[in-house]
file data_7.pdb (PDB, C-alpha atoms)
ATOM      1  CA  MET Y   1      82.764  94.267 105.835
ATOM      2  CA  LYS Y   2      81.073  97.633 105.400
ATOM      3  CA  ALA Y   3      81.549 100.410 102.859
ATOM      4  CA  GLY Y   4      80.501 104.010 102.482
ATOM      5  CA  ILE Y   5      80.767 106.383  99.514
ATOM      6  CA  ILE Y   6      82.110 109.937  99.880
ATOM      7  CA  PRO Y   7      81.979 111.888  96.572
ATOM      8  CA  VAL Y   8      84.985 114.192  96.155
ATOM      9  CA  THR Y   9      86.284 116.859  93.745
ATOM     10  CA  PRO Y  10      84.128 118.749  91.213
ATOM     11  CA  LEU Y  11      84.151 115.512  89.183
ATOM     12  CA  GLN Y  12      82.145 113.789  91.953
ATOM     13  CA  GLN Y  13      84.480 110.832  92.182
ATOM     14  CA  ASN Y  14      83.316 108.059  94.510
ATOM     15  CA  CYS Y  15      85.920 107.791  97.261
ATOM     16  CA  SER Y  16      85.071 104.674  99.281
ATOM     17  CA  LEU Y  17      85.602 104.129 102.982
ATOM     18  CA  ILE Y  18      85.755 100.382 103.596
ATOM     19  CA  TRP Y  19      86.216  98.733 106.968
ATOM     20  CA  CYS Y  20      86.337  95.486 108.869
ATOM     21  CA  THR Y  21      83.444  95.424 111.342
ATOM     22  CA  ARG Y  22      85.324  93.066 113.655
ATOM     23  CA  THR Y  23      88.320  95.362 114.145
ATOM     24  CA  MET Y  24      86.887  98.739 112.988
ATOM     25  CA  ARG Y  25      90.042  99.203 110.956
ATOM     26  CA  GLY Y  26      89.620 100.524 107.450
ATOM     27  CA  ALA Y  27      90.980 102.072 104.279
ATOM     28  CA  LEU Y  28      90.104 104.928 101.973
ATOM     29  CA  VAL Y  29      89.971 103.905  98.333
ATOM     30  CA  ASP Y  30      90.772 106.699  95.855
ATOM     31  CA  PRO Y  31      90.941 109.794  98.105
ATOM     32  CA  GLY Y  32      91.292 112.218  95.199
ATOM     33  CA  GLY Y  33      90.547 115.454  97.061
ATOM     34  CA  ASP Y  34      88.372 117.279  99.594
ATOM     35  CA  LEU Y  35      90.519 115.993 102.445
ATOM     36  CA  PRO Y  36      88.656 117.824 105.262
ATOM     37  CA  LYS Y  37      85.443 116.147 104.085
ATOM     38  CA  LEU Y  38      87.125 112.739 104.035
ATOM     39  CA  LYS Y  39      88.703 113.142 107.462
ATOM     40  CA  ALA Y  40      85.370 114.247 108.946
ATOM     41  CA  ALA Y  41      83.616 111.214 107.445
ATOM     42  CA  VAL Y  42      86.232 108.866 108.874
ATOM     43  CA  ALA Y  43      85.982 110.516 112.303
ATOM     44  CA  ASN Y  44      82.190 110.204 112.298
ATOM     45  CA  SER Y  45      82.389 106.521 111.334
ATOM     46  CA  GLY Y  46      84.586 105.524 114.259
ATOM     47  CA  VAL Y  47      86.914 103.710 111.864
ATOM     48  CA  THR Y  48      90.685 103.700 112.373
ATOM     49  CA  LEU Y  49      92.385 104.115 109.009
ATOM     50  CA  GLU Y  50      95.306 101.802 108.344
ATOM     51  CA  LYS Y  51      96.018 102.429 104.648
ATOM     52  CA  ILE Y  52      95.038 104.082 101.386
ATOM     53  CA  LEU Y  53      94.169 102.032  98.308
ATOM     54  CA  ILE Y  54      94.336 103.396  94.746
ATOM     55  CA  THR Y  55      92.587 101.966  91.659
ATOM     56  CA  HIS Y  56      94.398 104.100  89.073
ATOM     57  CA  GLY Y  57      96.487 107.189  88.562
ATOM     58  CA  HIS Y  58      93.953 109.765  87.421
ATOM     59  CA  LEU Y  59      93.746 113.102  89.205
ATOM     60  CA  ASP Y  60      90.249 112.757  90.675
ATOM     61  CA  HIS Y  61      91.120 109.354  92.158
ATOM     62  CA  CYS Y  62      94.516 110.015  93.717
ATOM     63  CA  GLY Y  63      95.496 113.670  93.380
ATOM     64  CA  GLN Y  64      95.543 114.187  97.146
ATOM     65  CA  ALA Y  65      96.425 110.637  98.221
ATOM     66  CA  GLY Y  66     100.061 111.471  98.904
ATOM     67  CA  VAL Y  67      99.155 114.521 100.971
ATOM     68  CA  LEU Y  68      96.673 112.526 103.066
ATOM     69  CA  ALA Y  69      99.125 109.662 103.530
ATOM     70  CA  ALA Y  70     101.801 112.064 104.782
ATOM     71  CA  GLU Y  71      99.381 113.833 107.147
ATOM     72  CA  LEU Y  72      98.090 110.619 108.712
ATOM     73  CA  GLY Y  73     101.190 108.432 108.431
ATOM     74  CA  LEU Y  74      99.465 105.852 106.212
ATOM     75  CA  PRO Y  75     100.900 103.566 103.525
ATOM     76  CA  ILE Y  76      99.557 103.686  99.968
ATOM     77  CA  GLU Y  77      98.907 100.454  98.049
ATOM     78  CA  GLY Y  78      98.159 100.524  94.329
ATOM     79  CA  PRO Y  79      97.729 100.976  91.508
ATOM     80  CA  HIS Y  80      99.681  98.757  89.092
ATOM     81  CA  GLU Y  81     103.047 100.283  88.173
ATOM     82  CA  ALA Y  82     101.926 100.773  84.561
ATOM     83  CA  ASP Y  83     100.159 103.902  85.871
ATOM     84  CA  ARG Y  84     103.372 105.442  87.204
ATOM     85  CA  PHE Y  85     103.397 107.973  84.359
ATOM     86  CA  TRP Y  86      99.944 109.232  85.389
ATOM     87  CA  ILE Y  87     101.032 109.662  89.011
ATOM     88  CA  ASP Y  88     104.230 111.433  87.933
ATOM     89  CA  ARG Y  89     102.185 114.098  86.092
ATOM     90  CA  LEU Y  90      99.612 114.742  88.847
ATOM     91  CA  SER Y  91     100.883 118.239  89.654
ATOM     92  CA  GLU Y  92     100.774 119.183  85.968
ATOM     93  CA  ASP Y  93      97.270 117.751  85.539
ATOM     94  CA  GLY Y  94      96.108 119.504  88.711
ATOM     95  CA  GLY Y  95      97.125 122.839  87.277
ATOM     96  CA  ARG Y  96      95.299 122.056  84.048
ATOM     97  CA  TRP Y  97      92.064 121.192  85.874
ATOM     98  CA  GLY Y  98      92.374 123.778  88.641
ATOM     99  CA  LEU Y  99      92.638 121.119  91.351
ATOM    100  CA  GLU Y 100      95.224 120.519  94.039
ATOM    101  CA  ALA Y 101      97.288 117.459  93.201
ATOM    102  CA  ALA Y 102     100.755 116.145  93.979
ATOM    103  CA  ARG Y 103     102.736 113.143  92.778
ATOM    104  CA  PHE Y 104     103.553 110.383  95.255
ATOM    105  CA  GLU Y 105     105.294 107.044  95.382
ATOM    106  CA  PRO Y 106     103.067 104.171  96.525
ATOM    107  CA  ASP Y 107     104.490 102.000  99.291
ATOM    108  CA  ARG Y 108     103.386  99.018  97.233
ATOM    109  CA  TRP Y 109     102.578  98.692  93.549
ATOM    110  CA  LEU Y 110      99.964  96.005  92.922
ATOM    111  CA  ALA Y 111      99.782  93.256  90.303
ATOM    112  CA  ASP Y 112      97.096  90.858  89.137
ATOM    113  CA  GLY Y 113      96.598  88.113  91.711
ATOM    114  CA  ASP Y 114      97.900  90.136  94.663
ATOM    115  CA  THR Y 115      95.835  90.575  97.820
ATOM    116  CA  VAL Y 116      95.467  93.523 100.178
ATOM    117  CA  THR Y 117      94.302  93.383 103.773
ATOM    118  CA  VAL Y 118      92.082  95.783 105.696
ATOM    119  CA  GLY Y 119      91.670  94.747 109.315
ATOM    120  CA  GLU Y 120      90.846  91.049 109.066
ATOM    121  CA  LEU Y 121      89.498  91.405 105.506
ATOM    122  CA  THR Y 122      91.374  90.166 102.453
ATOM    123  CA  LEU Y 123      90.633  91.744  99.060
ATOM    124  CA  GLU Y 124      91.751  90.251  95.769
ATOM    125  CA  VAL Y 125      93.480  92.489  93.217
ATOM    126  CA  LEU Y 126      92.556  92.231  89.540
ATOM    127  CA  HIS Y 127      94.605  94.142  86.973
ATOM    128  CA  CYS Y 128      92.013  95.573  84.566
ATOM    129  CA  PRO Y 129      93.721  97.805  81.971
ATOM    130  CA  GLY Y 130      91.979  99.787  79.274
ATOM    131  CA  HIS Y 131      90.857 103.023  80.941
ATOM    132  CA  THR Y 132      94.458 103.338  82.111
ATOM    133  CA  PRO Y 133      97.185 100.711  81.660
ATOM    134  CA  GLY Y 134      97.665 100.206  85.403
ATOM    135  CA  HIS Y 135      94.062 100.175  86.614
ATOM    136  CA  VAL Y 136      93.230  97.642  89.342
ATOM    137  CA  VAL Y 137      89.955  96.422  90.851
ATOM    138  CA  PHE Y 138      89.499  95.332  94.476
ATOM    139  CA  PHE Y 139      87.230  92.343  95.144
ATOM    140  CA  HIS Y 140      86.031  91.007  98.505
ATOM    141  CA  ARG Y 141      84.814  87.531  97.656
ATOM    142  CA  PRO Y 142      82.948  86.726 100.915
ATOM    143  CA  SER Y 143      80.829  89.891 100.592
ATOM    144  CA  ARG Y 144      80.350  89.560  96.811
ATOM    145  CA  PHE Y 145      81.548  93.162  96.556
ATOM    146  CA  ALA Y 146      83.955  95.016  94.261
ATOM    147  CA  ILE Y 147      85.396  98.500  93.891
ATOM    148  CA  VAL Y 148      85.978  98.923  90.159
ATOM    149  CA  GLY Y 149      87.124 102.534  89.740
ATOM    150  CA  ASP Y 150      86.566 103.747  86.183
ATOM    151  CA  VAL Y 151      86.512 100.327  84.509
ATOM    152  CA  LEU Y 152      82.727  99.942  84.645
ATOM    153  CA  PHE Y 153      79.765 102.169  85.549
ATOM    154  CA  ALA Y 154      76.035 101.691  85.905
ATOM    155  CA  GLY Y 155      75.059 101.831  82.239
ATOM    156  CA  SER Y 156      78.477 102.709  80.842
ATOM    157  CA  ILE Y 157      82.195 101.898  80.762
ATOM    158  CA  GLY Y 158      85.411 103.851  81.263
ATOM    159  CA  ARG Y 159      86.775 106.217  78.632
ATOM    160  CA  THR Y 160      89.654 104.888  76.572
ATOM    161  CA  ASP Y 161      90.699 108.057  74.730
ATOM    162  CA  PHE Y 162      93.316 109.016  77.327
ATOM    163  CA  PRO Y 163      97.040 108.328  76.756
ATOM    164  CA  LEU Y 164      97.649 104.545  76.670
ATOM    165  CA  GLY Y 165      93.927 103.810  76.959
ATOM    166  CA  ASN Y 166      92.773 100.797  74.961
ATOM    167  CA  HIS Y 167      89.148  99.945  74.233
ATOM    168  CA  GLN Y 168      89.740  96.280  73.465
ATOM    169  CA  ASP Y 169      91.765  95.837  76.656
ATOM    170  CA  LEU Y 170      88.908  97.373  78.644
ATOM    171  CA  ILE Y 171      86.272  95.110  77.106
ATOM    172  CA  ALA Y 172      88.522  92.095  77.700
ATOM    173  CA  ALA Y 173      89.042  93.069  81.349
ATOM    174  CA  ILE Y 174      85.318  93.492  81.980
ATOM    175  CA  THR Y 175      84.212  90.307  80.251
ATOM    176  CA  GLY Y 176      87.223  88.184  81.149
ATOM    177  CA  LYS Y 177      87.902  89.254  84.734
ATOM    178  CA  LEU Y 178      84.779  90.872  86.164
ATOM    179  CA  TRP Y 179      81.920  88.833  84.685
ATOM    180  CA  PRO Y 180      83.376  85.487  85.893
ATOM    181  CA  LEU Y 181      83.180  86.767  89.492
ATOM    182  CA  GLY Y 182      79.394  86.352  89.327
ATOM    183  CA  ASP Y 183      76.203  88.214  88.462
ATOM    184  CA  ASP Y 184      75.469  88.723  92.172
ATOM    185  CA  VAL Y 185      78.513  90.937  92.762
ATOM    186  CA  THR Y 186      77.637  94.497  93.792
ATOM    187  CA  PHE Y 187      80.139  97.143  92.735
ATOM    188  CA  ILE Y 188      81.002 100.729  93.536
ATOM    189  CA  PRO Y 189      82.129 102.536  90.365
ATOM    190  CA  GLY Y 190      84.369 105.576  90.208
ATOM    191  CA  HIS Y 191      81.378 107.817  89.510
ATOM    192  CA  GLY Y 192      77.631 107.472  89.823
ATOM    193  CA  PRO Y 193      75.418 104.866  91.492
ATOM    194  CA  THR Y 194      76.259 101.319  92.466
ATOM    195  CA  SER Y 195      75.090  98.362  90.388
ATOM    196  CA  THR Y 196      75.651  94.633  89.994
ATOM    197  CA  PHE Y 197      77.561  92.731  87.349
ATOM    198  CA  GLY Y 198      74.363  90.842  86.506
ATOM    199  CA  ARG Y 199      72.433  94.049  85.883
ATOM    200  CA  GLU Y 200      75.172  95.375  83.618
ATOM    201  CA  ARG Y 201      75.324  92.096  81.680
ATOM    202  CA  LYS Y 202      71.617  92.544  80.964
ATOM    203  CA  THR Y 203      71.334  96.287  80.379
ATOM    204  CA  ASN Y 204      74.706  97.973  79.724
ATOM    205  CA  ALA Y 205      74.743  99.319  76.170
ATOM    206  CA  PHE Y 206      78.493  98.757  75.874
ATOM    207  CA  VAL Y 207      79.167  95.390  77.530
ATOM    208  CA  SER Y 208      75.860  93.578  77.958
ATOM    209  CA  ASP Y 209      75.763  90.059  76.611
ATOM    210  CA  ALA Y 210      73.439  91.254  73.854
ATOM    211  CA  ALA Y 211      75.655  94.194  72.907
ATOM    212  CA  LEU Y 212      78.700  91.952  72.566
ATOM    213  CA  ALA Y 213      76.936  89.060  70.835
TER     214      ALA Y 213
END

call {"tool": "encode", "arguments": {"input": "data_7.pdb", "output": "structure tokens"}}
result
Amino acid sequence: MKAGIIPVTPLQQNCSLIWCTRTMRGALVDPGGDLPKLKAAVANSGVTLEKILITHGHLDHCGQAGVLAAELGLPIEGPHEADRFWIDRLSEDGGRWGLEAARFEPDRWLADGDTVTVGELTLEVLHCPGHTPGHVVFFHRPSRFAIVGDVLFAGSIGRTDFPLGNHQDLIAAITGKLWPLGDDVTFIPGHGPTSTFGRERKTNAFVSDAALA
């Protein structure tokens, strides 16, 4: 498995291109905007896209996912259906933020315990609410690698002051679902640099072991 990060939108959201090195088939995770940039990156990589994966329904993560899916004839998988209300208001939120966005209907809503495939790779789906009620995380166990969206960042955690956000749910998801995966897991967050779960357990001011003790 390989992964590359392509920041998109003025919010510099980390869209990830992940692919199976054996088949060179891949997926874009959270293609929120800047579609020409994303398509150029995919073309340069030599990867054949087979689907789009979505962590949650916020504008910068999926505002242009439906447009890209229609252009390229790709299915969309994710997020959890609890984020349907966010996806339904994408056009409205786009106007508010001055960004192009359009609602879409995923081909497959995801639930905790589901798996998604990319080429010959299998990624586990973890439902991690708190930032949004339908947020999911994608975990590739053999590579010790996760894409966590806006659940966790290097040195911080996701905001919970949006509609149906819940701080306690977020803390429970991080400590109860992410930490047990192992300190050696490297993750790509929705914004900013990569980190590891172990580093965040030691240093994150919000969810380190010391902060929660």

call {"tool": "residues_around", "arguments": {"input": "data_7.pdb", "residues": "Phe145 in chain Y", "least_positions_apart": "2", "cutoff": "10 Å", "atoms": "only C-alpha atoms", "output": "list in words"}}
result
Met1, Lys2, Ala3, Leu123, Phe138, Phe139, His140, Arg141, Pro142, Ser143, Ile147, Val148, Leu181, Asp184, Val185, Thr186, Phe187, Ile188 and Thr196 of chain Y

call {"tool": "write_last_selection", "arguments": {"input": "data_7.pdb", "atoms": "C-alpha atoms", "output": "mmCIF file, in the coordinates of the input"}}
result
data_model
loop_
_atom_site.group_PDB
_atom_site.id
_atom_site.type_symbol
_atom_site.label_atom_id
_atom_site.label_comp_id
_atom_site.auth_asym_id
_atom_site.auth_seq_id
_atom_site.Cartn_x
_atom_site.Cartn_y
_atom_site.Cartn_z
ATOM 1 C CA MET Y 1 82.764 94.267 105.835
ATOM 2 C CA LYS Y 2 81.073 97.633 105.400
ATOM 3 C CA ALA Y 3 81.549 100.410 102.859
ATOM 4 C CA LEU Y 123 90.633 91.744 99.060
ATOM 5 C CA PHE Y 138 89.499 95.332 94.476
ATOM 6 C CA PHE Y 139 87.230 92.343 95.144
ATOM 7 C CA HIS Y 140 86.031 91.007 98.505
ATOM 8 C CA ARG Y 141 84.814 87.531 97.656
ATOM 9 C CA PRO Y 142 82.948 86.726 100.915
ATOM 10 C CA SER Y 143 80.829 89.891 100.592
ATOM 11 C CA ILE Y 147 85.396 98.500 93.891
ATOM 12 C CA VAL Y 148 85.978 98.923 90.159
ATOM 13 C CA LEU Y 181 83.180 86.767 89.492
ATOM 14 C CA ASP Y 184 75.469 88.723 92.172
ATOM 15 C CA VAL Y 185 78.513 90.937 92.762
ATOM 16 C CA THR Y 186 77.637 94.497 93.792
ATOM 17 C CA PHE Y 187 80.139 97.143 92.735
ATOM 18 C CA ILE Y 188 81.002 100.729 93.536
ATOM 19 C CA THR Y 196 75.651 94.633 89.994
#

call {"tool": "resolve_selection", "arguments": {"input": "data_7.pdb", "expression": "the PyMOL selection byres ((chain Y and resi 99) around 12)", "output": "list in words"}}
result
Val8, Thr9, Pro10, Leu11, Gly32, Gly33, Asp34, Leu59, Asp60, His61, Cys62, Gly63, Gln64, Leu90, Ser91, Glu92, Asp93, Gly94, Gly95, Arg96, Trp97, Gly98, Glu100, Ala101 and Ala102 of chain Y

call {"tool": "closest_residue", "arguments": {"input": "data_7.pdb", "among": "Y:Arg103, Y:Pro193, Y:Ala27, Y:Ile6", "to": "Arg89 in chain Y", "atoms": "all atoms listed in the file"}}
result
Y:Arg103

call {"tool": "atom_distance", "arguments": {"input": "data_7.pdb", "atom1": "CA of Val207 in chain Y", "atom2": "CA of Asn166 in chain Y"}}
result
14.9 Å

call {"tool": "residues_around", "arguments": {"input": "data_7.pdb", "residues": "Leu126 in chain Y", "least_positions_apart": "6", "cutoff": "12 Å", "atoms": "only C-alpha atoms", "output": "VMD selection string"}}
result
chain Y and resid 55 78 to 80 110 to 116 134 to 140 146 to 149 151 173 to 174 176 to 178 180 to 181

call {"tool": "residues_around", "arguments": {"input": "data_7.pdb", "residues": "Lys51 in chain Y", "least_positions_apart": "3", "cutoff": "12 Å", "atoms": "all atoms listed in the file", "output": "ChimeraX atom specification"}}
result
/Y:17-19,25-31,47-48,54,65-66,68-70,72-78,106-108,116-119

call {"tool": "closest_residue", "arguments": {"input": "data_7.pdb", "among": "Y:Ala41, Y:Leu49, Y:Ala172, Y:Ala210", "to": "His127 in chain Y", "atoms": "only C-alpha atoms"}}
result
Y:Ala172

call {"tool": "atom_distance", "arguments": {"input": "data_7.pdb", "atom1": "CA of Val125 in chain Y", "atom2": "CA of Asp169 in chain Y"}}
result
17.0 Å

call {"tool": "atom_distance", "arguments": {"input": "data_7.pdb", "atom1": "CA of Thr122 in chain Y", "atom2": "CA of Arg199 in chain Y"}}
result
25.5 Å
